[in-house]
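What follows is target-v5.csv (CSV, C-alpha atoms).
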```
chain,number,residue,atom,x,y,z
A,1,MET,CA,6.2,36.8,31.2
A,2,GLN,CA,7.7,40.0,29.9
A,3,THR,CA,9.7,40.0,26.7
A,4,ASN,CA,13.1,41.6,26.6
A,5,THR,CA,13.2,43.9,23.7
A,6,ASN,CA,16.8,45.0,24.2
A,7,TRP,CA,19.5,43.8,21.9
A,8,ARG,CA,22.5,42.0,23.3
A,9,ILE,CA,25.7,43.2,21.8
A,10,GLY,CA,28.3,41.2,23.8
A,11,SER,CA,29.7,41.1,27.3
A,12,LEU,CA,32.4,42.8,29.3
A,13,PHE,CA,34.1,41.1,32.2
A,14,GLY,CA,31.4,38.5,31.9
A,15,ILE,CA,28.6,41.0,32.2
A,16,PRO,CA,26.1,41.0,29.3
A,17,LEU,CA,25.8,44.3,27.5
A,18,PHE,CA,22.5,45.4,26.0
A,19,LEU,CA,21.2,48.2,23.8
A,20,ASP,CA,17.7,49.6,24.1
A,21,PRO,CA,16.3,50.3,20.6
A,22,LEU,CA,15.7,54.0,21.6
A,23,TRP,CA,19.5,54.3,22.1
A,24,PHE,CA,19.9,54.8,18.4
A,25,LEU,CA,17.7,57.9,18.7
A,26,ILE,CA,20.0,59.5,21.2
A,27,LEU,CA,23.0,58.3,19.2
A,28,GLY,CA,21.6,60.2,16.2
A,29,LEU,CA,20.9,63.3,18.2
A,30,ALA,CA,24.4,63.3,19.7
A,31,THR,CA,26.0,62.8,16.3
A,32,LEU,CA,23.9,65.7,15.0
A,33,ASN,CA,25.0,67.9,17.9
A,34,PHE,CA,28.7,67.2,17.5
A,35,GLY,CA,28.6,67.3,13.7
A,36,VAL,CA,27.1,70.8,13.8
A,37,ALA,CA,29.6,71.9,16.5
A,38,TYR,CA,32.6,70.7,14.4
A,39,GLN,CA,31.7,72.3,11.1
A,40,GLU,CA,34.9,74.3,11.1
A,41,LEU,CA,36.7,71.0,10.4
A,42,GLY,CA,34.9,70.7,7.0
A,43,THR,CA,31.7,68.8,6.3
A,44,VAL,CA,33.2,65.3,5.9
A,45,TRP,CA,35.5,65.6,9.0
A,46,ALA,CA,32.8,67.3,11.0
A,47,TRP,CA,30.3,64.5,10.6
A,48,SER,CA,32.9,61.8,11.0
A,49,ALA,CA,34.0,63.5,14.2
A,50,GLY,CA,30.4,63.7,15.3
A,51,VAL,CA,29.9,59.9,14.9
A,52,ILE,CA,33.1,59.2,16.8
A,53,MET,CA,32.3,61.6,19.6
A,54,ALA,CA,28.8,60.1,20.0
A,55,LEU,CA,30.2,56.7,20.3
A,56,LEU,CA,32.9,57.8,22.7
A,57,LEU,CA,30.1,59.5,24.8
A,58,PHE,CA,28.4,56.2,25.2
A,59,ALA,CA,31.7,54.4,25.8
A,60,SER,CA,32.1,56.8,28.7
A,61,VAL,CA,28.6,56.0,30.0
A,62,LEU,CA,29.5,52.3,29.7
A,63,LEU,CA,32.7,52.7,31.7
A,64,HIS,CA,30.7,54.7,34.3
A,65,GLU,CA,28.3,51.8,34.7
A,66,LEU,CA,31.1,49.3,34.7
A,67,GLY,CA,32.5,51.1,37.7
A,68,HIS,CA,29.4,50.4,39.7
A,69,SER,CA,29.3,46.8,38.4
A,70,LEU,CA,32.8,45.8,39.2
A,71,VAL,CA,32.6,47.2,42.8
A,72,ALA,CA,29.3,45.4,43.3
A,73,ARG,CA,30.9,42.1,42.0
A,74,SER,CA,33.9,42.6,44.4
A,75,GLN,CA,31.3,42.5,47.2
A,76,GLY,CA,30.0,39.1,45.9
A,77,ILE,CA,26.9,40.7,44.3
A,78,LYS,CA,25.7,39.4,41.0
A,79,VAL,CA,25.4,41.9,38.1
A,80,ASN,CA,22.9,40.7,35.6
A,81,SER,CA,23.6,43.2,32.8
A,82,ILE,CA,24.5,46.7,31.7
A,83,THR,CA,22.0,48.4,29.3
A,84,LEU,CA,22.6,51.6,27.3
A,85,PHE,CA,19.3,53.4,26.7
A,86,LEU,CA,17.7,56.8,25.9
A,87,PHE,CA,18.8,58.5,29.2
A,88,GLY,CA,22.3,56.9,29.5
A,89,GLY,CA,23.0,53.6,31.1
A,90,ILE,CA,22.0,51.3,33.9
A,91,ALA,CA,23.6,48.4,35.6
A,92,ALA,CA,21.2,45.7,36.7
A,93,ILE,CA,22.7,44.8,40.1
A,94,GLU,CA,20.8,41.9,41.7
A,95,GLU,CA,20.8,42.9,45.4
A,96,GLU,CA,21.6,45.5,47.9
A,97,SER,CA,25.0,45.9,49.6
A,98,LYS,CA,25.2,44.5,53.1
A,99,THR,CA,26.2,47.7,54.8
A,100,PRO,CA,25.9,51.4,54.2
A,101,GLY,CA,29.6,51.7,53.7
A,102,LYS,CA,29.6,49.1,50.9
A,103,ALA,CA,26.5,50.7,49.4
A,104,PHE,CA,28.4,54.0,49.3
A,105,GLN,CA,31.3,52.3,47.5
A,106,VAL,CA,29.0,50.9,44.8
A,107,ALA,CA,27.2,54.3,44.4
A,108,ILE,CA,30.4,56.4,44.2
A,109,ALA,CA,32.3,54.1,41.8
A,110,GLY,CA,30.5,55.4,38.7
A,111,PRO,CA,31.2,59.1,39.3
A,112,ALA,CA,34.7,58.2,40.4
A,113,VAL,CA,35.3,56.5,37.0
A,114,SER,CA,33.9,59.6,35.2
A,115,ILE,CA,36.1,62.0,37.1
A,116,ALA,CA,39.2,59.8,36.5
A,117,LEU,CA,38.4,59.9,32.8
A,118,PHE,CA,38.0,63.7,32.9
A,119,VAL,CA,41.5,64.0,34.5
A,120,LEU,CA,43.2,61.6,32.1
A,121,LEU,CA,41.5,63.2,29.0
A,122,ARG,CA,42.3,66.7,30.2
A,123,LEU,CA,45.9,65.8,30.7
A,124,GLY,CA,45.9,64.2,27.3
A,125,ALA,CA,44.4,67.2,25.6
A,126,ASP,CA,47.0,69.6,27.3
A,127,VAL,CA,49.9,67.9,25.6
A,128,LEU,CA,48.4,68.3,22.1
A,129,PRO,CA,48.8,71.4,19.9
A,130,ASP,CA,46.3,74.2,20.6
A,131,THR,CA,45.0,74.1,17.0
A,132,SER,CA,44.7,70.3,16.8
A,133,ALA,CA,41.2,68.9,16.1
A,134,LEU,CA,42.1,65.9,18.2
A,135,ARG,CA,42.8,68.3,21.2
A,136,MET,CA,39.4,69.8,20.7
A,137,MET,CA,37.6,66.5,20.7
A,138,ILE,CA,39.5,65.1,23.7
A,139,GLY,CA,38.9,68.3,25.6
A,140,ASP,CA,35.1,68.1,24.8
A,141,LEU,CA,35.1,64.4,25.9
A,142,ALA,CA,36.8,65.4,29.1
A,143,ARG,CA,34.2,68.0,29.9
A,144,ILE,CA,31.4,65.5,29.1
A,145,ASN,CA,32.8,63.1,31.6
A,146,LEU,CA,32.9,65.8,34.2
A,147,VAL,CA,29.3,66.8,33.5
A,148,LEU,CA,28.3,63.1,33.7
A,149,ALA,CA,29.9,62.8,37.1
A,150,LEU,CA,28.5,66.0,38.5
A,151,PHE,CA,25.0,65.3,37.1
A,152,ASN,CA,24.9,61.8,38.6
A,153,LEU,CA,25.9,63.2,42.0
A,154,ILE,CA,22.7,65.2,42.3
A,155,PRO,CA,21.3,63.8,45.6
A,156,GLY,CA,18.1,62.0,44.5
A,157,LEU,CA,17.2,58.6,43.3
A,158,PRO,CA,17.7,57.1,40.7
A,159,LEU,CA,20.9,59.0,40.3
A,160,ASP,CA,24.1,58.0,41.9
A,161,GLY,CA,23.9,61.0,44.3
A,162,GLY,CA,20.6,59.5,45.5
A,163,GLN,CA,22.4,56.2,46.2
A,164,VAL,CA,25.0,58.2,48.1
A,165,LEU,CA,22.3,60.0,50.1
A,166,LYS,CA,20.6,56.7,50.8
A,167,ALA,CA,23.9,55.3,52.1
A,168,ALA,CA,24.4,58.3,54.3
A,169,VAL,CA,20.9,58.2,55.8
A,170,TRP,CA,21.2,54.4,56.3
A,171,LYS,CA,24.4,55.0,58.2
A,172,ALA,CA,22.8,57.8,60.3
A,173,THR,CA,19.6,56.0,61.1
A,174,GLY,CA,20.5,52.3,60.8
A,175,ASP,CA,17.3,51.9,58.7
A,176,ARG,CA,17.9,51.0,55.1
A,177,PHE,CA,14.2,51.3,54.2
A,178,GLN,CA,13.9,54.7,55.7
A,179,ALA,CA,17.0,55.8,53.8
A,180,VAL,CA,15.5,54.7,50.4
A,181,HIS,CA,12.3,56.6,51.2
A,182,TRP,CA,14.3,59.8,51.9
A,183,ALA,CA,16.3,59.4,48.7
A,184,ALA,CA,13.3,58.5,46.6
A,185,LYS,CA,11.3,61.5,47.9
A,186,THR,CA,14.3,63.8,47.1
A,187,GLY,CA,14.4,62.3,43.6
A,188,GLN,CA,10.7,63.0,43.1
A,189,ILE,CA,11.1,66.6,44.2
A,190,LEU,CA,14.0,67.1,41.9
A,191,GLY,CA,12.1,65.4,39.1
A,192,TYR,CA,9.2,67.8,39.4
A,193,ALA,CA,11.7,70.7,39.6
A,194,ALA,CA,13.3,69.5,36.4
A,195,ILE,CA,9.9,69.4,34.6
A,196,ALA,CA,9.1,73.0,35.8
A,197,LEU,CA,12.6,74.1,34.7
A,198,GLY,CA,12.1,72.5,31.3
A,199,LEU,CA,8.7,74.3,30.8
A,200,ALA,CA,10.3,77.6,31.9
A,201,VAL,CA,13.2,77.1,29.4
A,202,ASP,CA,10.7,76.6,26.6
A,203,TYR,CA,8.5,79.5,27.6
A,204,PHE,CA,11.2,82.1,28.2
A,205,THR,CA,13.8,81.2,25.7
A,206,GLY,CA,11.8,79.3,23.0
A,207,GLU,CA,14.4,76.4,23.2
A,208,LEU,CA,11.7,73.7,22.8
A,209,VAL,CA,14.2,70.8,22.3
A,210,THR,CA,16.3,71.8,25.4
A,211,GLY,CA,13.2,72.4,27.5
A,212,LEU,CA,11.6,69.1,26.4
A,213,TRP,CA,14.8,67.2,27.2
A,214,ILE,CA,15.0,68.6,30.7
A,215,ALA,CA,11.4,67.8,31.3
A,216,LEU,CA,11.8,64.3,30.0
A,217,LEU,CA,14.8,63.8,32.4
A,218,GLY,CA,12.5,65.0,35.2
A,219,TRP,CA,9.8,62.6,34.2
A,220,PHE,CA,12.3,59.7,34.1
A,221,GLY,CA,13.6,60.7,37.6
A,222,ILE,CA,10.1,60.8,39.1
A,223,ARG,CA,9.1,57.5,37.5
A,224,ASN,CA,12.2,55.7,38.8
A,225,ALA,CA,12.2,57.3,42.2
A,226,THR,CA,8.6,56.2,42.6
A,227,THR,CA,9.5,52.7,41.6
A,228,TYR,CA,12.3,52.6,44.2
A,229,ASP,CA,9.8,53.8,46.9
A,230,ARG,CA,7.1,51.3,45.9
A,231,VAL,CA,9.6,48.4,45.9
A,232,THR,CA,10.9,49.4,49.3
A,233,ILE,CA,7.3,49.5,50.7
A,234,LEU,CA,6.8,46.0,49.3
A,235,GLN,CA,10.1,44.8,50.8
A,236,GLU,CA,9.1,46.2,54.2
A,237,THR,CA,5.7,44.5,53.9
A,238,LEU,CA,7.3,41.1,53.0
A,239,LEU,CA,9.5,41.3,56.1
A,240,LYS,CA,6.7,42.6,58.4
A,241,LEU,CA,4.2,39.9,57.4
A,242,LYS,CA,4.7,36.5,59.1
A,243,ALA,CA,3.5,33.0,58.3
A,244,THR,CA,0.5,33.4,60.6
A,245,ASP,CA,-0.7,36.4,58.6
A,246,ALA,CA,-1.0,34.4,55.3
A,247,MET,CA,-1.6,30.8,56.3
A,248,THR,CA,-4.9,29.1,55.8
A,249,ARG,CA,-6.5,25.9,57.1
A,250,ASP,CA,-7.5,24.7,53.7
A,251,PHE,CA,-6.8,21.1,54.6
A,252,ARG,CA,-8.6,18.1,56.2
A,253,ILE,CA,-7.5,16.1,59.2
A,254,VAL,CA,-8.0,12.4,58.9
A,255,ASP,CA,-7.5,9.4,61.2
A,256,ALA,CA,-4.2,7.8,60.6
A,257,ASN,CA,-5.5,4.4,61.8
A,258,GLN,CA,-8.4,4.1,59.3
A,259,SER,CA,-7.9,1.8,56.3
A,260,LEU,CA,-7.0,3.2,52.9
A,261,ARG,CA,-10.3,2.0,51.6
A,262,THR,CA,-12.2,3.9,54.2
A,263,PHE,CA,-10.1,7.0,53.5
A,264,ALA,CA,-10.8,6.8,49.8
A,265,ASP,CA,-14.5,6.3,50.2
A,266,LEU,CA,-15.0,9.0,52.9
A,267,TYR,CA,-12.8,11.8,51.3
A,268,LEU,CA,-11.7,11.2,47.8
A,269,LEU,CA,-15.1,10.5,46.4
A,270,GLU,CA,-16.5,13.9,47.7
A,271,THR,CA,-17.8,16.4,45.2
A,272,ASN,CA,-15.1,18.9,46.2
A,273,PRO,CA,-12.3,16.8,47.9
A,274,ALA,CA,-9.6,18.7,49.8
A,275,GLN,CA,-6.2,19.0,48.2
A,276,ILE,CA,-4.2,18.5,51.4
A,277,TYR,CA,-4.7,16.0,54.2
A,278,PHE,CA,-2.9,15.6,57.5
A,279,ALA,CA,-3.2,12.3,59.4
A,280,GLU,CA,-3.4,12.2,63.2
A,281,SER,CA,-3.7,9.6,65.9
A,282,ASP,CA,-3.8,9.6,69.7
A,283,GLY,CA,-4.1,13.4,69.5
A,284,ARG,CA,-0.9,13.9,67.5
A,285,TYR,CA,-0.2,14.9,63.9
A,286,ARG,CA,1.6,12.0,62.1
A,287,GLY,CA,2.2,13.8,58.9
A,288,MET,CA,0.9,14.7,55.5
A,289,VAL,CA,-1.1,12.3,53.3
A,290,ALA,CA,0.0,12.4,49.7
A,291,ILE,CA,-3.0,11.3,47.5
A,292,ASP,CA,-0.7,10.2,44.7
A,293,ASP,CA,0.9,7.6,47.1
A,294,LEU,CA,-2.3,5.7,47.0
A,295,ARG,CA,-1.4,4.6,43.5
A,296,THR,CA,1.7,2.9,44.8
A,297,VAL,CA,-0.4,0.6,47.0
A,298,GLU,CA,-2.3,-2.3,45.3
A,299,ARG,CA,-6.1,-1.9,45.6
A,300,SER,CA,-6.3,-5.4,47.0
A,301,GLU,CA,-4.3,-4.1,50.0
A,302,TRP,CA,-6.5,-1.0,50.7
A,303,GLU,CA,-8.7,-3.0,53.1
A,304,THR,CA,-5.8,-4.1,55.3
A,305,ARG,CA,-3.3,-1.2,55.1
A,306,THR,CA,-3.9,2.0,57.0
A,307,VAL,CA,-3.5,5.7,56.1
A,308,ASP,CA,-0.4,5.7,58.3
A,309,ALA,CA,1.3,3.6,55.6
A,310,ILE,CA,1.4,6.5,53.2
A,311,VAL,CA,2.0,9.3,55.6
A,312,HIS,CA,5.0,11.7,55.1
A,313,PRO,CA,6.2,12.6,58.6
A,314,LEU,CA,6.1,16.3,59.5
A,315,THR,CA,9.9,16.3,59.9
A,316,GLU,CA,10.3,15.3,56.2
A,317,ILE,CA,7.9,17.8,54.5
A,318,PRO,CA,8.7,21.4,53.7
A,319,SER,CA,7.7,23.5,56.7
A,320,VAL,CA,8.3,26.9,58.3
A,321,GLY,CA,7.6,28.3,61.7
A,322,GLU,CA,4.7,30.6,62.6
A,323,SER,CA,7.1,33.6,62.9
A,324,THR,CA,8.8,33.1,59.5
A,325,SER,CA,8.6,36.2,57.3
A,326,ILE,CA,6.7,36.1,54.1
A,327,ALA,CA,10.0,37.0,52.3
A,328,GLU,CA,11.7,33.9,53.6
A,329,ILE,CA,8.7,31.8,52.6
A,330,ILE,CA,8.7,33.1,49.1
A,331,ASN,CA,12.4,32.3,48.8
A,332,LYS,CA,11.8,28.8,50.1
A,333,LEU,CA,9.0,28.2,47.6
A,334,GLU,CA,11.1,29.4,44.7
A,335,SER,CA,14.4,27.9,45.6
A,336,GLU,CA,12.9,24.5,46.3
A,337,GLN,CA,10.2,24.7,43.6
A,338,LEU,CA,7.4,23.9,46.1
A,339,PRO,CA,3.7,24.3,45.5
A,340,ARG,CA,3.2,25.1,49.2
A,341,VAL,CA,4.7,24.9,52.7
A,342,THR,CA,3.3,23.7,56.0
A,343,VAL,CA,3.3,26.1,59.0
A,344,LEU,CA,4.2,24.4,62.2
A,345,SER,CA,3.5,25.7,65.7
A,346,PRO,CA,6.3,25.9,68.3
A,347,ALA,CA,4.8,22.6,69.7
A,348,GLY,CA,5.2,20.9,66.3
A,349,ALA,CA,1.5,20.9,65.4
A,350,VAL,CA,0.2,21.8,62.0
A,351,ALA,CA,-1.0,25.5,62.2
A,352,GLY,CA,-1.7,26.0,58.6
A,353,ILE,CA,-0.5,25.9,55.0
A,354,ILE,CA,0.7,28.6,52.6
A,355,ASP,CA,0.9,28.7,48.8
A,356,ARG,CA,1.5,31.5,46.3
A,357,GLY,CA,-2.1,32.5,46.2
A,358,ASP,CA,-2.2,32.9,50.0
A,359,ILE,CA,0.8,35.2,49.8
A,360,VAL,CA,-0.5,37.3,47.0
A,361,ARG,CA,-3.9,37.8,48.7
A,362,THR,CA,-2.2,38.8,52.0
A,363,VAL,CA,0.3,41.2,50.4
A,364,ALA,CA,-2.5,42.8,48.3
A,365,GLN,CA,-4.7,43.3,51.4
A,366,ASN,CA,-1.8,45.0,53.2
A,367,LEU,CA,-0.9,47.3,50.3
A,368,GLY,CA,-4.6,48.1,49.6
A,369,LEU,CA,-4.4,46.5,46.1
A,370,ARG,CA,-7.5,44.9,44.5
A,371,ILE,CA,-7.3,41.3,43.5
A,372,THR,CA,-10.2,39.0,42.6
A,373,ASP,CA,-10.9,35.6,44.0
A,374,ALA,CA,-10.7,34.3,40.5
A,375,GLU,CA,-7.1,35.6,40.2
A,376,ILE,CA,-6.2,34.0,43.5
A,377,LYS,CA,-7.7,30.7,42.4
A,378,ARG,CA,-5.6,30.9,39.2
A,379,ILE,CA,-2.4,31.6,41.1
A,380,LYS,CA,-3.1,28.6,43.4
A,381,GLU,CA,-3.7,26.3,40.4
A,382,GLU,CA,-0.9,27.5,38.2
A,383,GLY,CA,1.6,28.2,41.0
A,384,SER,CA,2.8,31.5,39.4
A,385,TYR,CA,2.7,35.1,40.5
A,386,PRO,CA,0.7,37.7,38.5
A,387,GLN,CA,2.6,39.4,35.7
A,388,GLY,CA,4.4,42.6,37.0
A,389,LEU,CA,4.3,41.4,40.6
A,390,GLN,CA,7.8,39.9,40.8
A,391,LEU,CA,7.6,38.9,44.4
A,392,GLN,CA,10.3,36.2,44.0
A,393,VAL,CA,12.8,38.8,42.8
A,394,ILE,CA,11.9,41.4,45.4
A,395,ALA,CA,11.9,38.8,48.2
A,396,LYS,CA,15.4,37.6,47.2
A,397,SER,CA,16.8,41.1,47.3
A,398,THR,CA,15.0,41.7,50.6
A,399,THR,CA,16.5,38.8,52.5
A,400,ASN,CA,20.0,38.7,51.0
```
The structure given in the file should be rewritten as structure tokens.
Amino acid sequence: MQTNTNWRIGSLFGIPLFLDPLWFLILGLATLNFGVAYQELGTVWAWSAGVIMALLLFASVLLHELGHSLVARSQGIKVNSITLFLFGGIAAIEEESKTPGKAFQVAIAGPAVSIALFVLLRLGADVLPDTSALRMMIGDLARINLVLALFNLIPGLPLDGGQVLKAAVWKATGDRFQAVHWAAKTGQILGYAAIALGLAVDYFTGELVTGLWIALLGWFGIRNATTYDRVTILQETLLKLKATDAMTRDFRIVDANQSLRTFADLYLLETNPAQIYFAESDGRYRGMVAIDDLRTVERSEWETRTVDAIVHPLTEIPSVGESTSIAEIINKLESEQLPRVTVLSPAGAVAGIIDRGDIVRTVAQNLGLRITDAEIKRIKEEGSYPQGLQLQVIAKSTTN
């Protein structure tokens, strides 16, 4: 389980607000930049104005992310948090919008807020005296919001422009996954271009800090665009794979008419007894045998009572059809806190069983990932996914 190192500083409209520790680094750099720029105001006023402008800069970023968040919430989508970090801000929106039009609304909301702030601040600055320090600060903040809007409209993920591009391609093709791949690829190309530009700035102008910052933005863009692409590939895989692809027959079939004593002697005293048993009689499955239910029957009755007495009918146990997607199965396992589900054929017979280990093994095979038998065994025993492979989160966003 990953530890959240961000600091919670409160909430806005019920949305938790967090600060990444590295945010203080960029706050200090922004204060230094503004403080140097305002030296004509005098040392004390210059550095005071620098601190105020740095805070207002991040207030603008916060309002930008709040724009995305409130539009998403208006669509019934949960917003888990807003975090300010080294490269700006990010709203943790739980799921994708249902249509490309709604996805466009969420994407454009942030830049729209920044442009609105630019217009309002520009109008506010125009009514102040030309020599006013406040006019200069408000004017600078207006330009910052315009740059923030225009920068975020660059058409590549993870920027808002990439989300707009995704919505446009989704609308044109009808394929959300293809749209993400296009926008992610564009983001990767732009990221590499930014790194090249940063190196060029450093080489030709000697502006090491500026060049490094541009290169870091490019690296951040590549990293996040690649993450979008990989998550989308995983989402496609979870929808493509069906229950029949992951199910196993790691269970035993027993006679429903045999006595509980015979059942216990024949199967439960084995060196490696099965974990799951299904009872059948007259060529039909009667249900699942829960070993723990043996404890509810007095041992003196084991000779006279049959396995059928402790069978859970197939209609009452958690089950899915053979064509159910792996994404749906993951959601069922998580929402109902189940160790496994039974796969039933169209005729109502037991086709197989699926647990989290079966899912991880199948997904890993389809994605070309290496995973050991020991790890699969651990997952089956503990009933938890490997750290970093948040299948339950991705499956939920895939099927919502």
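For the set A:Ser323, A:Thr210, A:Ser69, A:Thr173, the residue with the smallest atom-to-atom gap to Asp245 (chain A) is A:Ser323, counting all atoms listed in the file.
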task: Between A:Gln39, A:Thr296, A:Gln163, A:Gln235, single out the one closest to Ser397 (chain A), counting only C-alpha atoms.
output: A:Gln235
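If only C-alpha atoms are the atoms counted, then among A:Leu17, A:Val51, A:Ala91, A:Leu238 the closest residue to Val36 (chain A) is A:Val51.
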message: Excluding region 291-295 of chain A and its own-chain neighbours fewer than 6 positions away, which residues fall within 10 Å of it when counting all atoms listed in the file? Please give them as a PyMOL selection string.
response: chain A and resi 260-261+264+268+275-277+302+307+309-312
field: Distance criterion (only C-alpha atoms): nearest to Ile233 (chain A) out of A:Phe177, A:Trp213, A:Phe87, A:Phe24
entry: A:Phe177
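Comparing the minimum interatomic distances between Leu22 (chain A) and each of A:Tyr285, A:Phe151, A:Trp7, A:Trp219, counting all atoms listed in the file, we find that A:Trp7 sits nearest.
Straight-line separation from CA of Val71 (chain A) to CA of Val106 (chain A): 5.5 Å.
Among the candidate residues A:Lys396, A:Arg361, A:Arg378, A:Arg252, the one lying nearest to Lys332 (chain A) is A:Lys396, with distances computed using all atoms listed in the file.
The two atoms in question, CA of His64 (chain A) and CA of Ile9 (chain A), are spaced 17.7 Å apart.
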query: Which neighbours of Ile195 (chain A) fall inside 12 Å, counting all atoms listed in the file, when residues of the same chain fewer than 4 positions from it are skipped, and could you give them as a PyMOL selection string?
result: chain A and resi 188-191+199-202+210-222
Residues within 12 Å of (29.9, 52.9, 51.4), file coords, all atoms listed in the file, listed as a PyMOL selection string: chain A and resi 68+71-72+75+96-109+163-171
Take the selection from the previous step and output its residues with C-alpha atoms, as an mmCIF file, in the coordinates of the input.
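Written output follows (part06.cif):
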```
data_model
loop_
_atom_site.group_PDB
_atom_site.id
_atom_site.type_symbol
_atom_site.label_atom_id
_atom_site.label_comp_id
_atom_site.auth_asym_id
_atom_site.auth_seq_id
_atom_site.Cartn_x
_atom_site.Cartn_y
_atom_site.Cartn_z
ATOM 1 C CA HIS A 68 29.400 50.400 39.700
ATOM 2 C CA VAL A 71 32.600 47.200 42.800
ATOM 3 C CA ALA A 72 29.300 45.400 43.300
ATOM 4 C CA GLN A 75 31.300 42.500 47.200
ATOM 5 C CA GLU A 96 21.600 45.500 47.900
ATOM 6 C CA SER A 97 25.000 45.900 49.600
ATOM 7 C CA LYS A 98 25.200 44.500 53.100
ATOM 8 C CA THR A 99 26.200 47.700 54.800
ATOM 9 C CA PRO A 100 25.900 51.400 54.200
ATOM 10 C CA GLY A 101 29.600 51.700 53.700
ATOM 11 C CA LYS A 102 29.600 49.100 50.900
ATOM 12 C CA ALA A 103 26.500 50.700 49.400
ATOM 13 C CA PHE A 104 28.400 54.000 49.300
ATOM 14 C CA GLN A 105 31.300 52.300 47.500
ATOM 15 C CA VAL A 106 29.000 50.900 44.800
ATOM 16 C CA ALA A 107 27.200 54.300 44.400
ATOM 17 C CA ILE A 108 30.400 56.400 44.200
ATOM 18 C CA ALA A 109 32.300 54.100 41.800
ATOM 19 C CA GLN A 163 22.400 56.200 46.200
ATOM 20 C CA VAL A 164 25.000 58.200 48.100
ATOM 21 C CA LEU A 165 22.300 60.000 50.100
ATOM 22 C CA LYS A 166 20.600 56.700 50.800
ATOM 23 C CA ALA A 167 23.900 55.300 52.100
ATOM 24 C CA ALA A 168 24.400 58.300 54.300
ATOM 25 C CA VAL A 169 20.900 58.200 55.800
ATOM 26 C CA TRP A 170 21.200 54.400 56.300
ATOM 27 C CA LYS A 171 24.400 55.000 58.200
#
```
- prompt: Skipping near chain neighbours, those fewer than 5 positions away, what residues fall within 12 Å of region 278-280 of chain A using all atoms listed in the file, listed as a ChimeraX atom specification?
  reply: /A:249-260,263,285-291,306-314,317,342,349-353
Please dump the current selection as a tab-separated table (two decimals), in the frame of the given file; keep C-alpha atoms.
```tsv
chain	number	residue	atom	x	y	z
A	249	ARG	CA	-6.50	25.90	57.10
A	250	ASP	CA	-7.50	24.70	53.70
A	251	PHE	CA	-6.80	21.10	54.60
A	252	ARG	CA	-8.60	18.10	56.20
A	253	ILE	CA	-7.50	16.10	59.20
A	254	VAL	CA	-8.00	12.40	58.90
A	255	ASP	CA	-7.50	9.40	61.20
A	256	ALA	CA	-4.20	7.80	60.60
A	257	ASN	CA	-5.50	4.40	61.80
A	258	GLN	CA	-8.40	4.10	59.30
A	259	SER	CA	-7.90	1.80	56.30
A	260	LEU	CA	-7.00	3.20	52.90
A	263	PHE	CA	-10.10	7.00	53.50
A	285	TYR	CA	-0.20	14.90	63.90
A	286	ARG	CA	1.60	12.00	62.10
A	287	GLY	CA	2.20	13.80	58.90
A	288	MET	CA	0.90	14.70	55.50
A	289	VAL	CA	-1.10	12.30	53.30
A	290	ALA	CA	0.00	12.40	49.70
A	291	ILE	CA	-3.00	11.30	47.50
A	306	THR	CA	-3.90	2.00	57.00
A	307	VAL	CA	-3.50	5.70	56.10
A	308	ASP	CA	-0.40	5.70	58.30
A	309	ALA	CA	1.30	3.60	55.60
A	310	ILE	CA	1.40	6.50	53.20
A	311	VAL	CA	2.00	9.30	55.60
A	312	HIS	CA	5.00	11.70	55.10
A	313	PRO	CA	6.20	12.60	58.60
A	314	LEU	CA	6.10	16.30	59.50
A	317	ILE	CA	7.90	17.80	54.50
A	342	THR	CA	3.30	23.70	56.00
A	349	ALA	CA	1.50	20.90	65.40
A	350	VAL	CA	0.20	21.80	62.00
A	351	ALA	CA	-1.00	25.50	62.20
A	352	GLY	CA	-1.70	26.00	58.60
A	353	ILE	CA	-0.50	25.90	55.00
```
- request: Name the residues in contact with region 78-84 of chain A at a cut-off of 12 Å, using only C-alpha atoms, excluding same-chain residues fewer than 2 positions from it; report them as a PyMOL selection string.
  value: chain A and resi 4-27+55+57-76+86-97+106+397+400
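The coordinates place CA of Leu241 (chain A) at 23.4 Å from CA of Glu382 (chain A).
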message: Show me the residues close to (37.1, 66.7, 20.0) - anything with an atom within 12 Å, counting all atoms listed in the file - and format the list as a ChimeraX atom specification.
response: /A:34-35,37-41,45-54,56-57,121-122,124-125,128,130-144
